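Novice: Here you go, data_35.cif (mmCIF, C-alpha atoms):
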```cif
data_coords
#
loop_
_atom_site.label_atom_id
_atom_site.label_comp_id
_atom_site.auth_asym_id
_atom_site.auth_seq_id
_atom_site.Cartn_x
_atom_site.Cartn_y
_atom_site.Cartn_z
CA MET A 1 -102.08 -43.60 -127.57
CA GLY A 2 -102.88 -41.16 -130.38
CA GLN A 3 -106.13 -40.47 -132.15
CA ASP A 4 -107.75 -43.74 -131.18
CA GLY A 5 -105.99 -44.38 -127.90
CA GLY A 6 -108.17 -41.97 -126.00
CA MET A 7 -105.51 -41.01 -123.46
CA ALA A 8 -106.91 -38.00 -121.65
CA THR A 9 -104.55 -35.24 -120.56
CA ARG A 10 -104.59 -34.92 -116.76
CA GLY A 11 -106.80 -32.06 -115.68
CA PHE A 12 -107.76 -30.92 -119.17
CA PHE A 13 -111.44 -30.42 -119.91
CA GLY A 14 -111.30 -27.83 -122.70
CA ARG A 15 -113.43 -24.85 -123.46
CA GLU A 16 -117.06 -24.91 -122.52
CA ARG A 17 -118.69 -26.38 -125.55
CA GLY A 18 -122.11 -27.42 -126.70
CA ALA A 19 -122.66 -29.97 -129.39
CA ARG A 20 -119.74 -29.93 -131.79
CA ASP A 21 -120.35 -27.67 -134.77
CA GLU A 22 -120.61 -30.15 -137.63
CA ARG A 23 -119.20 -27.59 -140.04
CA LEU A 24 -115.84 -27.84 -138.22
CA PRO A 25 -113.35 -30.35 -139.63
CA PRO A 26 -111.51 -32.44 -137.00
CA GLY A 27 -109.05 -30.53 -134.85
CA GLN A 28 -110.30 -27.10 -135.98
CA TYR A 29 -111.89 -24.30 -133.96
CA ASP A 30 -114.09 -21.39 -135.01
CA THR A 31 -112.07 -18.18 -135.06
CA GLY A 32 -115.25 -16.08 -135.21
CA ASN A 33 -114.76 -12.55 -136.51
CA SER A 34 -110.98 -12.56 -136.36
CA TRP A 35 -108.87 -13.46 -139.33
CA PRO A 36 -105.33 -14.44 -138.32
CA VAL A 37 -102.45 -13.57 -140.66
CA LEU A 38 -99.70 -16.11 -141.32
CA THR A 39 -97.03 -15.55 -143.95
CA ALA A 40 -93.49 -16.82 -144.31
CA GLU A 41 -92.20 -13.90 -146.36
CA VAL A 42 -92.14 -10.13 -146.36
CA THR A 43 -95.58 -8.83 -147.37
CA PRO A 44 -95.14 -7.28 -150.83
CA ASP A 45 -96.82 -4.04 -151.85
CA LEU A 46 -98.22 -4.90 -155.28
CA SER A 47 -99.99 -2.39 -157.43
CA THR A 48 -102.82 -3.69 -159.58
CA HIS A 49 -101.00 -2.09 -162.54
CA ASP A 50 -98.08 -4.48 -162.08
CA TRP A 51 -100.17 -7.49 -161.11
CA THR A 52 -100.67 -10.21 -163.73
CA PHE A 53 -101.90 -13.79 -163.73
CA ARG A 54 -100.65 -16.43 -166.15
CA ILE A 55 -101.24 -20.08 -166.98
CA GLU A 56 -98.26 -21.88 -168.50
CA GLY A 57 -96.76 -25.35 -168.75
CA VAL A 58 -98.62 -28.25 -170.33
CA VAL A 59 -101.32 -26.15 -172.02
CA ASP A 60 -102.20 -25.45 -175.65
CA THR A 61 -102.49 -21.68 -175.17
CA PRO A 62 -100.25 -20.19 -172.48
CA THR A 63 -102.12 -17.06 -171.42
CA THR A 64 -101.39 -13.99 -169.28
CA TRP A 65 -104.10 -11.68 -167.96
CA THR A 66 -103.67 -8.15 -166.65
CA TRP A 67 -105.75 -6.93 -163.72
CA ASP A 68 -108.27 -5.32 -166.07
CA GLU A 69 -108.43 -8.31 -168.38
CA LEU A 70 -109.17 -10.60 -165.46
CA HIS A 71 -111.92 -8.30 -164.24
CA ALA A 72 -113.51 -8.33 -167.70
CA LEU A 73 -114.21 -12.06 -167.29
CA PRO A 74 -117.45 -13.33 -165.71
CA GLU A 75 -117.31 -12.82 -161.94
CA SER A 76 -117.83 -15.78 -159.64
CA THR A 77 -118.66 -15.94 -155.93
CA TYR A 78 -117.74 -18.38 -153.17
CA GLU A 79 -119.77 -18.41 -149.97
CA GLY A 80 -118.60 -20.64 -147.17
CA PRO A 81 -115.81 -21.47 -144.75
CA ILE A 82 -112.02 -21.45 -144.93
CA HIS A 83 -109.77 -23.73 -142.87
CA CYS A 84 -106.17 -22.97 -141.82
CA VAL A 85 -103.77 -25.76 -140.87
CA THR A 86 -102.90 -23.82 -137.70
CA THR A 87 -106.35 -25.04 -136.51
CA TRP A 88 -108.64 -22.06 -137.07
CA SER A 89 -111.63 -22.10 -139.37
CA LYS A 90 -113.62 -19.07 -140.43
CA PHE A 91 -117.25 -19.44 -141.44
CA ASP A 92 -119.74 -17.62 -143.65
CA MET A 93 -117.25 -15.77 -145.79
CA THR A 94 -118.12 -14.28 -149.17
CA TRP A 95 -115.38 -14.12 -151.77
CA ARG A 96 -115.48 -12.66 -155.26
CA GLY A 97 -113.18 -13.30 -158.16
CA VAL A 98 -113.03 -15.39 -161.25
CA SER A 99 -113.37 -19.16 -161.39
CA VAL A 100 -110.18 -21.04 -162.26
CA ASP A 101 -112.38 -23.04 -164.68
CA THR A 102 -112.88 -19.88 -166.75
CA LEU A 103 -109.11 -19.31 -166.92
CA LEU A 104 -108.33 -22.92 -167.78
CA GLU A 105 -110.90 -22.80 -170.57
CA ALA A 106 -108.77 -20.12 -172.25
CA ALA A 107 -105.41 -21.84 -171.61
CA ARG A 108 -106.64 -25.31 -172.63
CA PRO A 109 -104.73 -27.85 -170.52
CA GLN A 110 -103.36 -30.84 -172.42
CA ALA A 111 -104.50 -34.32 -171.44
CA SER A 112 -101.21 -35.08 -169.69
CA ALA A 113 -101.56 -32.12 -167.27
CA GLN A 114 -102.26 -33.72 -163.89
CA TYR A 115 -100.89 -31.23 -161.35
CA ALA A 116 -100.43 -27.51 -160.93
CA VAL A 117 -97.62 -25.52 -159.35
CA VAL A 118 -99.09 -22.28 -158.03
CA LEU A 119 -96.76 -19.33 -158.73
CA CYS A 120 -96.73 -16.12 -156.74
CA HIS A 121 -95.38 -12.58 -156.98
CA THR A 122 -93.13 -13.66 -154.08
CA ALA A 123 -90.96 -16.79 -153.98
CA TYR A 124 -93.84 -18.81 -152.45
CA THR A 125 -95.20 -21.82 -154.32
CA THR A 126 -97.69 -24.57 -153.57
CA ASN A 127 -98.77 -27.68 -155.47
CA LEU A 128 -102.17 -29.14 -156.18
CA PRO A 129 -103.69 -31.92 -158.26
CA LEU A 130 -105.35 -30.19 -161.22
CA ALA A 131 -108.59 -31.90 -160.21
CA ASP A 132 -108.63 -29.72 -157.06
CA LEU A 133 -108.67 -26.57 -159.20
CA THR A 134 -111.48 -27.55 -161.56
CA GLY A 135 -115.21 -28.12 -161.28
CA GLY A 136 -116.10 -24.89 -159.45
CA LYS A 137 -113.74 -25.51 -156.54
CA ALA A 138 -111.14 -22.78 -157.06
CA TRP A 139 -110.96 -19.05 -157.77
CA VAL A 140 -108.58 -16.19 -158.27
CA ALA A 141 -110.15 -13.88 -155.69
CA TRP A 142 -109.81 -10.14 -155.13
CA GLU A 143 -112.61 -9.41 -152.68
CA ALA A 144 -113.42 -10.88 -149.25
CA ASP A 145 -116.57 -10.04 -147.30
CA GLY A 146 -117.28 -7.02 -149.45
CA GLU A 147 -113.84 -5.42 -149.19
CA PRO A 148 -110.96 -5.44 -151.67
CA LEU A 149 -108.50 -8.08 -150.50
CA ASP A 150 -105.84 -6.27 -148.47
CA ARG A 151 -102.15 -7.07 -148.72
CA GLN A 152 -102.06 -8.80 -145.33
CA HIS A 153 -104.38 -11.40 -146.78
CA GLY A 154 -102.64 -11.64 -150.13
CA GLY A 155 -104.10 -8.70 -152.07
CA PRO A 156 -104.55 -7.54 -154.65
CA ALA A 157 -105.51 -11.15 -155.44
CA ARG A 158 -104.92 -14.65 -154.13
CA LEU A 159 -105.83 -18.14 -155.12
CA LEU A 160 -108.86 -19.47 -153.26
CA VAL A 161 -109.20 -23.26 -152.84
CA PRO A 162 -111.46 -23.40 -149.80
CA HIS A 163 -111.94 -27.17 -149.68
CA LEU A 164 -108.23 -27.58 -148.80
CA TYR A 165 -106.15 -26.09 -145.95
CA PHE A 166 -105.56 -22.46 -146.65
CA TRP A 167 -101.85 -22.58 -147.38
CA LYS A 168 -102.95 -23.93 -150.78
CA SER A 169 -104.82 -20.64 -151.35
CA ALA A 170 -101.60 -18.84 -152.23
CA LYS A 171 -101.40 -15.13 -151.48
CA PHE A 172 -100.09 -12.69 -154.15
CA VAL A 173 -100.87 -15.32 -156.75
CA ALA A 174 -99.13 -14.87 -160.11
CA GLY A 175 -100.20 -17.93 -162.02
CA LEU A 176 -100.39 -21.68 -162.51
CA ARG A 177 -97.84 -23.90 -164.17
CA LEU A 178 -99.50 -27.13 -165.22
CA VAL A 179 -97.22 -30.16 -165.01
CA GLU A 180 -97.41 -33.90 -165.57
CA HIS A 181 -95.86 -34.89 -162.22
CA ASP A 182 -96.39 -33.48 -158.74
CA GLU A 183 -93.74 -30.97 -157.59
CA PRO A 184 -93.85 -30.15 -153.87
CA GLY A 185 -94.20 -26.43 -153.10
CA PHE A 186 -92.89 -24.25 -150.30
CA TRP A 187 -94.63 -25.76 -147.27
CA GLU A 188 -94.89 -29.18 -148.88
CA ARG A 189 -91.07 -29.36 -149.00
CA ASN A 190 -91.02 -28.27 -145.38
CA GLY A 191 -93.06 -31.00 -143.78
CA TYR A 192 -96.63 -30.21 -144.79
CA HIS A 193 -98.98 -32.52 -146.64
CA ASP A 194 -99.11 -32.61 -150.43
CA ARG A 195 -102.89 -32.36 -150.65
CA GLY A 196 -104.15 -30.89 -147.37
CA ASP A 197 -107.77 -32.02 -147.08
CA PRO A 198 -109.06 -30.65 -143.74
CA TRP A 199 -111.73 -33.34 -143.44
CA LEU A 200 -109.02 -36.02 -143.59
CA GLU A 201 -106.78 -33.90 -141.35
CA GLN A 202 -103.95 -34.03 -143.87
CA ARG A 203 -101.78 -31.49 -142.07
CA TYR A 204 -98.27 -32.92 -142.32
CA GLN A 205 -96.37 -35.30 -144.56
CA GLY A 206 -97.39 -38.81 -143.60
CA ASP A 207 -100.96 -37.93 -142.51
CA MET B 208 -97.76 -45.33 -140.78
CA ALA B 209 -96.46 -45.07 -137.25
CA ASP B 210 -98.35 -42.85 -134.85
CA PRO B 211 -96.70 -39.43 -135.20
CA TRP B 212 -97.68 -38.44 -131.64
CA GLN B 213 -95.15 -38.96 -128.87
CA THR B 214 -95.38 -38.66 -125.12
CA ALA B 215 -93.31 -35.91 -123.56
CA ARG B 216 -92.65 -36.00 -119.82
CA VAL B 217 -92.57 -32.69 -118.03
CA LEU B 218 -89.27 -32.50 -116.14
CA ALA B 219 -89.46 -28.90 -114.95
CA VAL B 220 -91.49 -25.71 -115.29
CA ARG B 221 -89.93 -22.31 -114.76
CA ASP B 222 -91.18 -18.73 -114.87
CA GLU B 223 -89.61 -16.74 -117.65
CA ALA B 224 -91.50 -13.44 -117.39
CA PRO B 225 -94.99 -12.40 -116.26
CA ARG B 226 -97.42 -14.79 -117.99
CA VAL B 227 -94.55 -16.67 -119.64
CA LYS B 228 -93.30 -20.12 -118.63
CA THR B 229 -90.77 -22.53 -120.03
CA PHE B 230 -91.65 -26.23 -119.98
CA HIS B 231 -88.63 -28.53 -119.94
CA LEU B 232 -89.72 -31.79 -121.57
CA ALA B 233 -88.23 -35.20 -122.33
CA LEU B 234 -89.12 -37.65 -125.10
CA ASP B 235 -88.24 -41.34 -125.22
CA ALA B 236 -85.90 -40.72 -128.16
CA PRO B 237 -83.59 -37.85 -129.16
CA THR B 238 -85.54 -34.86 -130.45
CA GLY B 239 -83.48 -34.42 -133.62
CA HIS B 240 -84.84 -30.89 -133.89
CA ARG B 241 -83.26 -28.01 -135.77
CA ALA B 242 -83.03 -24.49 -134.38
CA GLY B 243 -86.26 -22.65 -135.25
CA GLN B 244 -88.57 -25.66 -135.50
CA HIS B 245 -91.74 -26.18 -133.50
CA TYR B 246 -93.83 -28.93 -131.96
CA VAL B 247 -97.57 -29.35 -131.99
CA LEU B 248 -98.90 -30.00 -128.51
CA ARG B 249 -102.25 -31.77 -128.18
CA LEU B 250 -104.50 -31.89 -125.14
CA THR B 251 -107.28 -34.47 -124.87
CA ALA B 252 -110.33 -34.11 -122.63
CA PRO B 253 -112.02 -37.15 -121.05
CA ASP B 254 -114.75 -37.06 -123.73
CA GLY B 255 -112.16 -37.21 -126.54
CA TYR B 256 -112.27 -33.49 -127.36
CA THR B 257 -108.83 -32.27 -128.36
CA ALA B 258 -107.11 -28.91 -128.67
CA SER B 259 -103.77 -28.51 -130.45
CA ARG B 260 -101.39 -25.57 -130.72
CA SER B 261 -97.89 -25.10 -132.11
CA TYR B 262 -95.04 -23.94 -129.87
CA SER B 263 -91.49 -23.10 -130.90
CA VAL B 264 -88.55 -24.91 -129.33
CA ALA B 265 -86.38 -22.54 -127.28
CA SER B 266 -83.48 -24.91 -126.66
CA ALA B 267 -80.63 -25.60 -129.03
CA PRO B 268 -80.30 -29.00 -130.67
CA ASP B 269 -77.91 -30.92 -128.42
CA GLY B 270 -78.42 -34.54 -129.42
CA THR B 271 -80.45 -35.37 -126.31
CA ASN B 272 -84.10 -36.29 -125.81
CA GLU B 273 -84.80 -33.08 -123.86
CA PHE B 274 -86.12 -29.76 -125.12
CA ASP B 275 -87.75 -26.53 -123.94
CA LEU B 276 -91.03 -24.97 -125.05
CA THR B 277 -91.61 -21.41 -123.90
CA VAL B 278 -95.31 -20.54 -123.77
CA GLU B 279 -96.96 -17.16 -123.28
CA ARG B 280 -100.31 -17.33 -121.50
CA LEU B 281 -102.86 -15.71 -123.79
CA ASP B 282 -106.15 -14.21 -122.59
CA ASP B 283 -108.74 -16.93 -122.84
CA GLY B 284 -106.01 -19.27 -124.07
CA GLU B 285 -107.47 -22.75 -124.01
CA VAL B 286 -104.12 -24.50 -124.31
CA SER B 287 -101.72 -21.89 -122.92
CA GLY B 288 -104.04 -21.37 -119.94
CA TYR B 289 -104.05 -25.10 -119.18
CA LEU B 290 -100.27 -25.32 -119.51
CA HIS B 291 -99.78 -22.40 -117.13
CA ASP B 292 -102.41 -23.28 -114.55
CA VAL B 293 -102.34 -27.06 -114.40
CA VAL B 294 -99.15 -28.62 -115.75
CA GLU B 295 -96.47 -29.64 -113.27
CA PRO B 296 -93.37 -31.83 -113.32
CA GLY B 297 -94.26 -35.49 -113.80
CA ASP B 298 -97.16 -34.79 -116.18
CA GLU B 299 -97.24 -36.29 -119.62
CA LEU B 300 -98.16 -34.32 -122.73
CA GLU B 301 -98.72 -35.43 -126.30
CA VAL B 302 -96.51 -33.77 -128.87
CA ARG B 303 -95.84 -34.11 -132.56
CA GLY B 304 -92.79 -32.89 -134.37
CA PRO B 305 -90.35 -31.34 -134.79
CA ILE B 306 -92.00 -29.49 -137.67
CA GLY B 307 -90.81 -26.88 -140.16
CA GLY B 308 -87.88 -26.60 -142.52
CA TRP B 309 -87.99 -22.94 -143.55
CA PHE B 310 -87.59 -20.89 -140.41
CA VAL B 311 -84.45 -22.79 -139.46
CA TRP B 312 -80.88 -21.62 -138.91
CA GLU B 313 -77.93 -23.95 -139.20
CA ASP B 314 -75.06 -21.87 -140.53
CA GLY B 315 -74.26 -18.73 -142.46
CA PRO B 316 -74.48 -15.12 -141.29
CA ALA B 317 -77.88 -14.26 -139.85
CA LEU B 318 -79.72 -11.35 -138.31
CA LEU B 319 -82.40 -12.50 -135.88
CA VAL B 320 -85.15 -10.00 -135.06
CA GLY B 321 -87.79 -10.90 -132.50
CA GLY B 322 -90.72 -9.13 -130.91
CA GLY B 323 -92.02 -10.34 -127.53
CA SER B 324 -92.58 -14.09 -127.62
CA GLY B 325 -91.13 -14.08 -131.14
CA LEU B 326 -87.80 -14.40 -129.35
CA VAL B 327 -88.39 -18.11 -128.67
CA PRO B 328 -87.28 -19.77 -131.95
CA LEU B 329 -84.51 -17.18 -132.30
CA MET B 330 -83.23 -18.16 -128.86
CA ALA B 331 -82.77 -21.72 -130.13
CA MET B 332 -80.67 -20.28 -132.96
CA LEU B 333 -78.60 -18.06 -130.64
CA ARG B 334 -78.05 -20.95 -128.24
CA LEU B 335 -76.95 -23.19 -131.11
CA ALA B 336 -74.53 -20.54 -132.39
CA ARG B 337 -73.05 -20.08 -128.92
CA SER B 338 -72.85 -23.77 -128.06
CA THR B 339 -71.01 -24.50 -131.31
CA GLY B 340 -68.62 -21.56 -131.03
CA ARG B 341 -70.13 -19.66 -133.96
CA SER B 342 -71.71 -16.69 -132.26
CA ASP B 343 -69.83 -14.38 -134.63
CA LEU B 344 -72.33 -15.49 -137.31
CA VAL B 345 -75.48 -14.24 -135.60
CA ARG B 346 -76.79 -10.92 -134.37
CA LEU B 347 -80.01 -10.82 -132.36
CA VAL B 348 -82.22 -7.76 -131.95
CA VAL B 349 -85.14 -8.28 -129.60
CA SER B 350 -87.92 -5.78 -129.03
CA VAL B 351 -89.84 -5.80 -125.72
CA ARG B 352 -92.25 -3.36 -124.09
CA THR B 353 -90.50 -3.19 -120.73
CA PRO B 354 -87.45 -4.84 -119.12
CA THR B 355 -89.65 -7.29 -117.22
CA ASP B 356 -91.08 -8.60 -120.50
CA LEU B 357 -87.69 -9.94 -121.58
CA TYR B 358 -87.17 -13.71 -121.42
CA TYR B 359 -83.97 -15.63 -120.65
CA THR B 360 -82.50 -12.62 -118.86
CA ASP B 361 -79.67 -14.56 -117.16
CA GLU B 362 -78.51 -16.02 -120.39
CA LEU B 363 -79.40 -13.53 -123.10
CA PRO B 364 -76.90 -10.67 -122.70
CA GLY B 365 -73.83 -10.86 -124.89
CA PRO B 366 -72.00 -8.99 -127.61
CA GLU B 367 -74.35 -10.47 -130.24
CA VAL B 368 -77.53 -9.22 -128.56
CA THR B 369 -79.30 -5.86 -128.67
CA VAL B 370 -82.44 -5.31 -126.61
CA VAL B 371 -84.81 -2.54 -127.72
CA HIS B 372 -87.49 -1.26 -125.33
CA THR B 373 -90.66 0.23 -126.78
CA ARG B 374 -92.35 1.57 -123.63
CA VAL B 375 -90.04 1.47 -120.61
CA ALA B 376 -86.26 1.25 -120.81
CA PRO B 377 -83.87 0.46 -117.98
CA PRO B 378 -82.24 3.54 -116.41
CA ASP B 379 -78.87 2.85 -118.02
CA SER B 380 -80.28 2.54 -121.52
CA ALA B 381 -78.71 4.83 -124.12
CA ARG B 382 -81.59 4.38 -126.56
CA PRO B 383 -84.84 6.28 -126.04
CA THR B 384 -87.93 4.06 -125.89
CA GLY B 385 -89.84 3.53 -129.10
CA ARG B 386 -90.56 1.03 -131.79
CA LEU B 387 -87.79 -0.52 -133.80
CA HIS B 388 -86.63 1.78 -136.55
CA ALA B 389 -84.23 1.52 -139.45
CA ASP B 390 -81.29 2.84 -137.39
CA ASP B 391 -81.65 -0.13 -135.04
CA LEU B 392 -81.22 -2.59 -137.90
CA ALA B 393 -78.97 -0.79 -140.41
CA PRO B 394 -75.72 -1.62 -138.52
CA PHE B 395 -76.43 -5.33 -139.01
CA ALA B 396 -77.05 -5.24 -142.76
CA THR B 397 -74.41 -7.68 -143.98
CA LYS B 398 -74.15 -8.77 -147.58
CA GLY B 399 -75.30 -12.35 -147.93
CA ALA B 400 -76.87 -12.56 -144.49
CA THR B 401 -80.32 -14.04 -143.96
CA ALA B 402 -82.78 -12.23 -141.72
CA TYR B 403 -85.12 -14.23 -139.47
CA VAL B 404 -88.06 -12.18 -138.23
CA CYS B 405 -90.48 -13.53 -135.64
CA GLY B 406 -93.30 -11.86 -133.76
CA SER B 407 -96.91 -10.75 -134.09
CA ALA B 408 -98.22 -10.13 -137.59
CA GLY B 409 -97.90 -6.38 -137.04
CA PHE B 410 -94.35 -6.64 -135.75
CA ALA B 411 -93.24 -8.98 -138.52
CA ASP B 412 -94.74 -6.74 -141.15
CA ALA B 413 -93.13 -3.60 -139.75
CA VAL B 414 -89.70 -5.23 -139.45
CA GLY B 415 -89.95 -6.72 -142.94
CA THR B 416 -90.61 -3.24 -144.31
CA LEU B 417 -87.72 -1.74 -142.31
CA LEU B 418 -85.32 -4.38 -143.58
CA VAL B 419 -86.35 -3.83 -147.18
CA ASP B 420 -85.93 -0.08 -146.60
CA VAL B 421 -82.34 -0.55 -145.41
CA GLY B 422 -81.63 -2.53 -148.57
CA TRP B 423 -82.10 -6.08 -147.35
CA PRO B 424 -83.12 -8.34 -150.30
CA ALA B 425 -86.70 -9.52 -149.71
CA GLU B 426 -85.78 -13.08 -150.70
CA GLN B 427 -83.26 -13.18 -147.84
CA ILE B 428 -85.89 -12.46 -145.21
CA ARG B 429 -87.66 -15.34 -143.49
CA VAL B 430 -90.71 -14.54 -141.43
CA GLU B 431 -92.66 -16.39 -138.78
CA ARG B 432 -95.81 -14.71 -137.51
CA PHE B 433 -97.76 -15.55 -134.44
CA GLY B 434 -101.42 -15.43 -135.32
CA ALA B 435 -104.34 -15.51 -132.94
CA THR B 436 -103.72 -19.08 -131.86
CA SER B 437 -104.46 -19.26 -128.18
#
```
Rewrite the structure from the file as structure tokens, please.
Specialist:
Amino acid sequence: MGQDGGMATRGFFGRERGARDERLPPGQYDTGNSWPVLTAEVTPDLSTHDWTFRIEGVVDTPTTWTWDELHALPESTYEGPIHCVTTWSKFDMTWRGVSVDTLLEAARPQASAQYAVVLCHTAYTTNLPLADLTGGKAWVAWEADGEPLDRQHGGPARLLVPHLYFWKSAKFVAGLRLVEHDEPGFWERNGYHDRGDPWLEQRYQGD
Amino acid sequence: MADPWQTARVLAVRDEAPRVKTFHLALDAPTGHRAGQHYVLRLTAPDGYTASRSYSVASAPDGTNEFDLTVERLDDGEVSGYLHDVVEPGDELEVRGPIGGWFVWEDGPALLVGGGSGLVPLMAMLRLARSTGRSDLVRLVVSVRTPTDLYYTDELPGPEVTVVHTRVAPPDSARPTGRLHADDLAPFATKGATAYVCGSAGFADAVGTLLVDVGWPAEQIRVERFGATS
């Protein structure tokens, strides 16, 4: 039984479906225009005046940006899908923010920095290999589909790492702490996978 | 790595409320679940197509291999619709879990606040508190639209439980109908207590705000939201 066992569930045929949308990772469905909200904490009400973003840890130049300072940096756009571990995917989104590459360029990671702990303006954390945040794959984003990011979805700004399950794209992001060894974050300590690649279906620890 | 999927046998199905059923399931081994955790349930079509959804456990940990999942039938719900319309005792379902380590109660004073089907994981906590003689530790406030929308009606009432009706209240109700407000929660603000809030995103957000308004520390509030997973 299991993925390869092919045991069909009695009487289950599933939604009417055409050819499988090849943009959908395994086990995901297209949520269409809706955008479900999942959060484990009280949604904070953060003013952009109080919001900051910092990079600390194993870097040459620990740096903190205010809202205005971040917006003075070159803007960067992501166009594409996002994938939530609760099995929905949302296609054709447009996000605006600043590339994490631009921020790391200022903070100058040391050679021993291999992982990042994502810090938030709440108690939430998540962990990522640094390699998943570099090379045009990650943003600090403040706009989704032409609208300022609202607080339900992590506004005023969240991390955006769309090639991984969306719990890695921490809402209310406050910064990155670069570290030499991996440190499991909030969901990762609570049964979820350390990396979370949707194409490998890395949902839970052990996948 | 061992296959994380297990077969659960359906022992019984019972109606809980309109469009709400509880599935009483048995695994081959003890569940080992904690109150508040959930299972992923996976359905497989003959062509290999699968659909998975997460459902909270309603029953308290009791050391056995049996557990309850309470499932609300959603409009156009691919999995919940199948469970409601097709599943009967004797069927086998694939499950994975138990999952989650955050929205879990084991001890310590707690306020549990649920909206609609958000009651399910909180019921596991209440049942655990009662079955271990610690019901003085928990207070449960559940918000429903009408009396018929309340689950577990035979078992739920008790000194720890307050039911709030938003649209229609029973004739003997002292509280006027309406959404939860600060006065409903303020009496339960206990220093050091953890709040567990479960419901729709809108409900969870509103209750989180109310709790913060009555002085509850935000870091002592745990939230589980039901998104549009059908």
Novice: I want to know what sits within 12 Å of Gly80 in chain A, based on all atoms listed in the file, with residues of the same chain fewer than 6 positions away left out; could you give that as a list of chain:residue names?
Specialist: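 What passes the distance filter is A:Arg23, A:Leu24, A:Ser89, A:Lys90, A:Phe91, A:Asp92, A:Met93, A:Thr94, A:Trp95, A:Arg96, A:Lys137, A:Ala144, A:Asp145, A:Leu160, A:Val161, A:Pro162, A:His163.
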Novice: Write the residues you've just listed into a file as a short mmCIF file (atom, residue, chain, number, x, y, z; two decimals), keeping the file's coordinate frame, and include C-alpha atoms for each of them.
Specialist:
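Okay, out.cif is ready:
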```cif
data_model
loop_
_atom_site.label_atom_id
_atom_site.label_comp_id
_atom_site.auth_asym_id
_atom_site.auth_seq_id
_atom_site.Cartn_x
_atom_site.Cartn_y
_atom_site.Cartn_z
CA ARG A 23 -119.20 -27.59 -140.04
CA LEU A 24 -115.84 -27.84 -138.22
CA SER A 89 -111.63 -22.10 -139.37
CA LYS A 90 -113.62 -19.07 -140.43
CA PHE A 91 -117.25 -19.44 -141.44
CA ASP A 92 -119.74 -17.62 -143.65
CA MET A 93 -117.25 -15.77 -145.79
CA THR A 94 -118.12 -14.28 -149.17
CA TRP A 95 -115.38 -14.12 -151.77
CA ARG A 96 -115.48 -12.66 -155.26
CA LYS A 137 -113.74 -25.51 -156.54
CA ALA A 144 -113.42 -10.88 -149.25
CA ASP A 145 -116.57 -10.04 -147.30
CA LEU A 160 -108.86 -19.47 -153.26
CA VAL A 161 -109.20 -23.26 -152.84
CA PRO A 162 -111.46 -23.40 -149.80
CA HIS A 163 -111.94 -27.17 -149.68
#
```
Novice: Pick the closest to chain A from B:Arg386, B:Lys228, B:His291, B:Arg334: which is it, counting only C-alpha atoms?
Specialist: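 With only C-alpha atoms as the atom set, the closest residue is B:His291.
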Novice: Run the PyMOL selection byres ((chain A) within 7 of (chain B)) mentally over the shown coordinates, then write out the matched residues as a list in words, using the chain letters and numbers from the document.
Specialist: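 Going through the file, the PyMOL selection byres ((chain A) within 7 of (chain B)) ends up selecting Gly2, Gly6, Met7, Ala8, Thr9, Gly11, Phe12, Phe13, Gly14, Arg15, Gly27, Pro36, Val37, Leu38, Thr39, Ala40, Glu41, Val42, Thr43, Asn190 and Gly191 of chain A.
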Novice: How big is the axis-aligned box around the listed atoms of range 208-222 of chain B once 6 Å is added on each side, and where is its centre? Give both in Å to one decimal, as AutoDock Vina command-line options.
Specialist:
```
--center_x -93.8 --center_y -32.0 --center_z -127.8 --size_x 21.1 --size_y 38.6 --size_z 38.0
```
Novice: If I take CA of Pro316 in chain B and CA of His240 in chain B, how far is one from the other in Å, to one decimal?
Specialist: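 Between CA of Pro316 in chain B and CA of His240 in chain B the gap is 20.3 Å.
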Novice: What does the PyMOL selection byres ((chain B and resi 345) around 8) select in this file, as a PyMOL selection string?
Specialist: chain B and resi 316-319+333+336+341-344+346-347+367
Novice: Generate N, CA and C atoms for range 388-395 of chain B and emit them as a PDB file, keeping the file's coordinate frame.
Specialist:
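File written: result.pdb
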```pdb
ATOM      1  N   HIS B 388     -86.695   1.012-135.314  1.00  0.00           N
ATOM      2  CA  HIS B 388     -86.630   1.780-136.550  1.00  0.00           C
ATOM      3  C   HIS B 388     -85.395   1.370-137.336  1.00  0.00           C
ATOM      4  N   ALA B 389     -85.266   1.963-138.513  1.00  0.00           N
ATOM      5  CA  ALA B 389     -84.230   1.520-139.450  1.00  0.00           C
ATOM      6  C   ALA B 389     -82.843   1.624-138.815  1.00  0.00           C
ATOM      7  N   ASP B 390     -82.613   2.666-137.988  1.00  0.00           N
ATOM      8  CA  ASP B 390     -81.290   2.840-137.390  1.00  0.00           C
ATOM      9  C   ASP B 390     -80.920   1.672-136.472  1.00  0.00           C
ATOM     10  N   ASP B 391     -81.935   1.009-135.918  1.00  0.00           N
ATOM     11  CA  ASP B 391     -81.650  -0.130-135.040  1.00  0.00           C
ATOM     12  C   ASP B 391     -81.131  -1.330-135.842  1.00  0.00           C
ATOM     13  N   LEU B 392     -81.530  -1.408-137.100  1.00  0.00           N
ATOM     14  CA  LEU B 392     -81.220  -2.590-137.900  1.00  0.00           C
ATOM     15  C   LEU B 392     -80.091  -2.353-138.900  1.00  0.00           C
ATOM     16  N   ALA B 393     -79.946  -1.101-139.350  1.00  0.00           N
ATOM     17  CA  ALA B 393     -78.970  -0.790-140.410  1.00  0.00           C
ATOM     18  C   ALA B 393     -77.560  -1.296-140.075  1.00  0.00           C
ATOM     19  N   PRO B 394     -77.096  -1.180-138.798  1.00  0.00           N
ATOM     20  CA  PRO B 394     -75.720  -1.620-138.520  1.00  0.00           C
ATOM     21  C   PRO B 394     -75.494  -3.108-138.796  1.00  0.00           C
ATOM     22  N   PHE B 395     -76.576  -3.879-138.871  1.00  0.00           N
ATOM     23  CA  PHE B 395     -76.430  -5.330-139.010  1.00  0.00           C
ATOM     24  C   PHE B 395     -76.646  -5.811-140.433  1.00  0.00           C
TER      25      PHE B 395
END
```
